[in-house]
>>> print(open('query_14.txt').read())   # compact mmCIF, C-alpha atoms
# COMPACT_ATOMS: atom_id res chain seq x y z
CA ALA B 697 55.69 59.65 -9.84
CA LYS B 698 55.09 57.46 -12.90
CA ALA B 699 58.49 58.43 -14.27
CA LEU B 700 60.19 57.50 -10.99
CA ALA B 701 58.33 54.17 -10.90
CA ALA B 702 59.33 53.43 -14.48
CA GLU B 703 62.94 54.35 -13.73
CA ALA B 704 62.99 52.13 -10.63
CA LYS B 705 61.46 49.27 -12.63
CA ALA B 706 64.06 49.68 -15.36
CA ALA B 707 66.88 49.74 -12.80
CA ALA B 708 65.54 46.57 -11.13
CA SER B 709 65.23 44.87 -14.51
CA ALA B 710 68.79 45.82 -15.46
CA GLN B 711 70.08 44.60 -12.13
CA SER B 712 68.26 41.26 -12.46
CA LYS B 713 69.59 40.84 -16.02
CA ALA B 714 73.13 41.48 -14.85
CA LYS B 715 72.72 39.03 -11.97
CA LYS B 716 71.23 36.40 -14.26
CA ALA B 717 74.04 36.84 -16.81
CA SER B 718 76.64 36.58 -14.06
CA GLU B 719 75.08 33.36 -12.74
CA LYS B 720 75.03 31.85 -16.23
CA GLU B 721 78.67 32.76 -16.76
CA LYS B 722 79.59 31.07 -13.48
CA GLU B 723 77.64 27.93 -14.46
CA VAL B 724 79.31 27.76 -17.88
CA ALA B 725 82.77 28.33 -16.40
CA LEU B 726 82.18 25.63 -13.77
CA MET B 727 81.02 23.05 -16.31
CA ASP B 728 83.93 23.95 -18.61
CA ARG B 729 86.42 23.32 -15.80
CA MET B 730 84.66 20.05 -14.98
CA LYS B 731 84.82 18.97 -18.62
CA LYS B 732 88.55 19.68 -18.96
CA LYS B 733 89.47 17.79 -15.80
CA LEU B 734 87.27 14.79 -16.59
CA VAL B 735 88.60 14.57 -20.15
CA ALA B 736 92.15 14.67 -18.78
CA GLN B 737 91.28 11.91 -16.32
CA GLY B 738 89.87 9.47 -18.91
CA ALA B 739 88.16 9.24 -22.30
CA THR B 740 84.85 7.89 -20.95
CA CYS B 741 84.60 9.98 -17.77
CA TYR B 742 83.02 13.10 -19.28
CA PRO B 743 80.44 11.26 -21.49
CA ASP B 744 79.39 9.18 -18.47
CA PHE B 745 79.10 12.34 -16.38
CA LEU B 746 76.91 13.96 -19.05
CA LYS B 747 74.61 10.90 -19.11
CA CYS B 748 74.10 11.13 -15.35
CA LEU B 749 73.60 14.89 -15.56
CA SER B 750 70.94 14.34 -18.22
CA LEU B 751 69.06 11.99 -15.87
CA TYR B 752 69.18 14.71 -13.19
CA VAL B 753 67.82 17.34 -15.60
CA GLN B 754 64.96 14.97 -16.50
CA ASP B 755 64.15 14.54 -12.77
CA VAL B 756 65.05 10.85 -12.90
CA LEU B 757 67.77 11.40 -10.29
CA SER B 758 67.69 13.77 -7.34
CA ALA B 759 70.70 15.95 -6.50
CA ASN B 760 71.84 13.54 -3.78
CA GLU B 761 71.39 10.53 -6.06
CA LEU B 762 73.38 12.27 -8.80
CA VAL B 763 76.25 12.92 -6.41
CA THR B 764 76.19 9.30 -5.22
CA VAL B 765 76.25 7.95 -8.79
CA VAL B 766 79.08 10.13 -10.17
CA GLU B 767 81.24 10.39 -7.05
CA ASP B 768 83.20 7.25 -7.98
CA MET B 769 84.32 8.96 -11.21
CA MET B 770 86.04 11.72 -9.24
CA THR B 771 89.30 9.96 -8.52
CA SER B 772 91.95 12.67 -8.83
CA PRO B 773 92.22 15.46 -6.21
CA LYS B 774 91.83 18.21 -8.85
CA VAL B 775 88.61 16.68 -10.16
CA ARG B 776 87.23 16.27 -6.64
CA GLU B 777 87.98 19.93 -5.90
CA THR B 778 85.88 21.04 -8.89
CA PHE B 779 83.23 18.46 -8.04
CA ASP B 780 82.88 20.06 -4.61
CA GLU B 781 81.92 23.30 -6.40
CA VAL B 782 79.34 21.36 -8.43
CA LYS B 783 77.85 20.00 -5.21
CA LEU B 784 77.58 23.52 -3.80
CA PHE B 785 75.80 24.58 -6.99
CA LEU B 786 73.36 21.68 -6.53
CA GLY B 787 72.63 22.81 -2.97
CA ILE B 788 74.58 20.03 -1.22
CA ARG B 789 76.93 21.24 1.48
CA GLU B 790 79.22 19.13 3.61
CA GLY B 791 81.51 19.65 6.57
CA ALA B 792 81.14 20.54 10.25
CA ALA B 793 80.59 24.23 9.51
CA CYS B 794 77.48 23.50 7.41
CA LYS B 795 74.55 22.62 9.62
CA TYR B 796 72.07 22.04 6.82
CA SER B 797 73.50 19.38 4.52
CA THR B 798 70.24 19.01 2.59
CA ASN B 799 67.01 20.97 2.22
CA ILE B 800 65.00 20.24 5.35
CA PRO B 801 61.45 21.34 6.24
CA ILE B 802 61.04 24.91 7.47
CA SER B 803 59.63 23.58 10.75
CA GLU B 804 63.01 21.96 11.58
CA ILE B 805 65.12 25.10 11.09
CA ASN B 806 66.38 26.98 14.13
CA PHE B 807 65.51 30.66 13.55
CA SER B 808 66.68 31.87 16.97
CA ASN B 809 69.80 33.56 15.54
CA CYS B 810 68.24 34.69 12.26
CA GLN B 811 67.29 38.23 11.31
CA ALA B 812 63.64 39.09 12.05
CA ALA B 813 61.16 41.30 10.22
CA GLY B 814 58.22 41.88 12.52
CA THR B 815 56.84 38.93 14.48
CA SER B 816 56.05 36.58 11.59
CA TYR B 817 59.04 36.70 9.22
CA ARG B 818 62.59 35.37 9.59
CA SER B 819 65.49 35.21 7.17
CA LEU B 820 66.82 31.78 6.26
CA PRO B 821 70.19 30.80 7.79
CA LYS B 822 73.18 31.70 5.63
CA ASP B 823 74.22 28.05 5.33
CA TYR B 824 70.73 26.87 4.31
CA PRO B 825 71.10 25.47 0.74
CA LEU B 826 68.70 27.07 -1.73
CA PRO B 827 67.59 24.88 -4.66
CA ALA B 828 69.06 25.94 -7.99
CA CYS B 829 66.54 27.37 -10.45
CA SER B 830 67.34 28.07 -14.11
CA GLY B 831 63.83 28.80 -15.39
CA ARG B 832 63.28 32.25 -13.91
CA THR B 833 62.58 35.32 -16.00
CA ASP B 834 63.81 38.86 -15.32
CA LEU B 835 60.54 39.59 -13.54
CA CYS B 836 61.05 36.54 -11.31
CA HIS B 837 64.54 37.64 -10.32
CA ALA B 838 63.27 41.14 -9.59
CA MET B 839 60.18 40.18 -7.59
CA LEU B 840 60.46 36.71 -6.03
CA ASN B 841 61.71 36.24 -2.47
CA ASP B 842 64.26 33.53 -1.60
CA GLN B 843 65.44 34.76 1.80
CA TRP B 844 62.42 35.50 4.00
CA VAL B 845 59.93 32.91 5.27
CA SER B 846 56.80 33.16 7.38
CA VAL B 847 57.05 31.35 10.71
CA PRO B 848 54.32 30.72 13.33
CA SER B 849 54.46 32.71 16.52
CA GLY B 850 52.56 32.90 19.79
CA SER B 851 49.37 30.83 19.86
CA GLU B 852 49.89 29.85 16.20
CA ASP B 853 53.00 27.84 17.05
CA TYR B 854 51.89 24.33 18.04
CA SER B 855 55.43 22.95 18.19
CA TYR B 856 55.79 23.83 21.87
CA THR B 857 55.34 20.87 24.18
CA HIS B 858 53.64 22.94 26.88
CA TYR B 859 51.31 24.80 24.57
CA ARG B 860 48.13 25.93 26.39
CA LYS B 861 44.97 27.09 24.66
CA ASN B 862 42.68 29.76 26.04
CA GLN B 863 38.90 29.22 26.38
CA TYR B 864 38.16 30.65 22.92
CA GLU B 865 40.71 28.44 21.21
CA GLU B 866 39.37 25.44 23.14
CA SER B 867 35.87 26.19 21.83
CA LEU B 868 37.19 26.71 18.31
CA PHE B 869 39.10 23.43 18.28
CA LYS B 870 36.11 21.57 19.76
CA CYS B 871 33.86 23.05 17.05
CA GLU B 872 36.34 21.95 14.36
CA ASP B 873 36.49 18.43 15.81
CA ASP B 874 32.69 18.19 15.96
CA ARG B 875 32.33 19.40 12.38
CA PHE B 876 34.94 16.93 11.18
CA GLU B 877 33.17 14.06 12.97
CA LEU B 878 29.82 15.19 11.53
CA ASP B 879 31.28 15.34 8.01
CA MET B 880 32.66 11.83 8.44
CA LEU B 881 29.26 10.51 9.59
CA ILE B 882 27.45 12.20 6.68
CA GLU B 883 29.91 10.79 4.15
CA THR B 884 29.74 7.32 5.73
CA ASN B 885 25.95 7.31 5.49
CA ALA B 886 26.04 8.65 1.92
CA SER B 887 28.54 5.96 0.93
CA THR B 888 26.34 3.29 2.50
CA ILE B 889 23.29 4.58 0.62
CA ARG B 890 25.20 4.53 -2.68
CA ALA B 891 26.23 0.93 -2.04
CA ILE B 892 22.69 -0.21 -1.04
CA GLU B 893 20.76 1.52 -3.85
CA PRO B 894 21.82 -0.93 -6.63
CA LEU B 895 20.98 -3.88 -4.38
CA PHE B 896 17.58 -2.39 -3.57
CA GLU B 897 16.85 -1.80 -7.27
CA ASP B 898 17.82 -5.39 -8.14
CA SER B 899 15.61 -6.64 -5.32
CA GLU B 900 12.66 -4.60 -6.60
CA LYS B 901 13.16 -5.95 -10.13
CA ASP B 902 13.26 -9.55 -8.85
CA ARG B 903 10.10 -8.92 -6.81
CA GLY B 904 8.30 -7.56 -9.87
CA ARG B 905 9.24 -10.57 -11.94
CA SER B 906 8.09 -13.02 -9.27
CA GLY B 907 4.77 -11.14 -8.96
CA ARG B 908 4.05 -11.77 -12.65
>>> encode(input="query_14.txt", output="structure tokens")
Amino acid sequence: AKALAAEAKAAASAQSKAKKASEKEKEVALMDRMKKKLVAQGATCYPDFLKCLSLYVQDVLSANELVTVVEDMMTSPKVRETFDEVKLFLGIREGAACKYSTNIPISEINFSNCQAAGTSYRSLPKDYPLPACSGRTDLCHAMLNDQWVSVPSGSEDYSYTHYRKNQYEESLFKCEDDRFELDMLIETNASTIRAIEPLFEDSEKDRGRSGR
């Protein structure tokens, strides 16, 4: 059993390494094509593009902001064609066929036509843009999940307009509300005491001085 587990682990590691190497090769090839076309377009286009890309890597610009800033540089049709591939790599998809142009909250995704695994898990839509990640290790590629998400179902889903709670849920929510209100009252009183204590101490000191 241990030998089979080790063999499976080695196979998964080899597969993740191959996938990672393939992704890196695609990234390098894409940036190389972008460089050649920008250099052919103008002497300053590629250096300016690298400056903007550096701001994106440093988290100064978001993916959408990066696209907005550099889009004016993409004047020729050939450059724009390659730039469209760059936008796909950044997770930005355009066009009528792509419903999710940017990463939106999970609660706003329509999972009705997505593959299900049990009652609580759904696969993300195929046109949902996944954020690019370059910092993953082999173990991350082998173990982390990018396709399946947990979604509320039944009485857990409060997004329904006509959601009705049973008597036990009513009691539970009422208990939570009462505890929250009690916590707020306790903290309000404690805050008032902390504010009054210095004033009371100063008053006692002044009273002691006047008594002398």
>>> atom_distance(input="query_14.txt", atom1="CA of Pro848 in chain B", atom2="CA of Ser803 in chain B")
9.3 Å
>>> atom_distance(input="query_14.txt", atom1="CA of Tyr752 in chain B", atom2="CA of Leu786 in chain B")
10.5 Å
>>> atom_distance(input="query_14.txt", atom1="CA of Ala813 in chain B", atom2="CA of Asn841 in chain B")
13.7 Å
>>> residues_around(input="query_14.txt", residues="Ala759 in chain B", least_positions_apart="2", cutoff="9 Å", atoms="only C-alpha atoms", output="PDB file with C-alpha atoms, keeping the file's coordinate frame")
ATOM      1  CA  TYR B 752      69.180  14.710 -13.190  1.00  0.00           C
ATOM      2  CA  LEU B 757      67.770  11.400 -10.290  1.00  0.00           C
ATOM      3  CA  GLU B 761      71.390  10.530  -6.060  1.00  0.00           C
ATOM      4  CA  LEU B 762      73.380  12.270  -8.800  1.00  0.00           C
ATOM      5  CA  VAL B 763      76.250  12.920  -6.410  1.00  0.00           C
ATOM      6  CA  THR B 764      76.190   9.300  -5.220  1.00  0.00           C
ATOM      7  CA  LYS B 783      77.850  20.000  -5.210  1.00  0.00           C
ATOM      8  CA  LEU B 786      73.360  21.680  -6.530  1.00  0.00           C
ATOM      9  CA  GLY B 787      72.630  22.810  -2.970  1.00  0.00           C
ATOM     10  CA  ILE B 788      74.580  20.030  -1.220  1.00  0.00           C
TER      11      ILE B 788
END
>>> residues_around(input="query_14.txt", residues="range 769-771 of chain B", least_positions_apart="5", cutoff="8 Å", atoms="all atoms listed in the file", output="PyMOL selection string")
chain B and resi 741+776+779
>>> closest_residue(input="query_14.txt", among="B:Met880, B:Ala725, B:Ala886, B:Val765", to="Glu781 in chain B", atoms="only C-alpha atoms")
B:Ala725
>>> residues_around(input="query_14.txt", residues="Val847 in chain B", least_positions_apart="3", cutoff="7 Å", atoms="all atoms listed in the file", output="VMD selection string")
chain B and resid 816 to 818
>>> axis_aligned_box(input="query_14.txt", around="range 832-850 of chain B", padding_each_side="3 Å", output="AutoDock Vina command-line options")
--center_x 59.0 --center_y 35.9 --center_z 1.9 --size_x 18.9 --size_y 16.4 --size_z 41.8
>>> closest_residue(input="query_14.txt", among="B:Glu865, B:Glu883, B:Glu767, B:Asp902", to="Asp744 in chain B", atoms="all atoms listed in the file")
B:Glu767
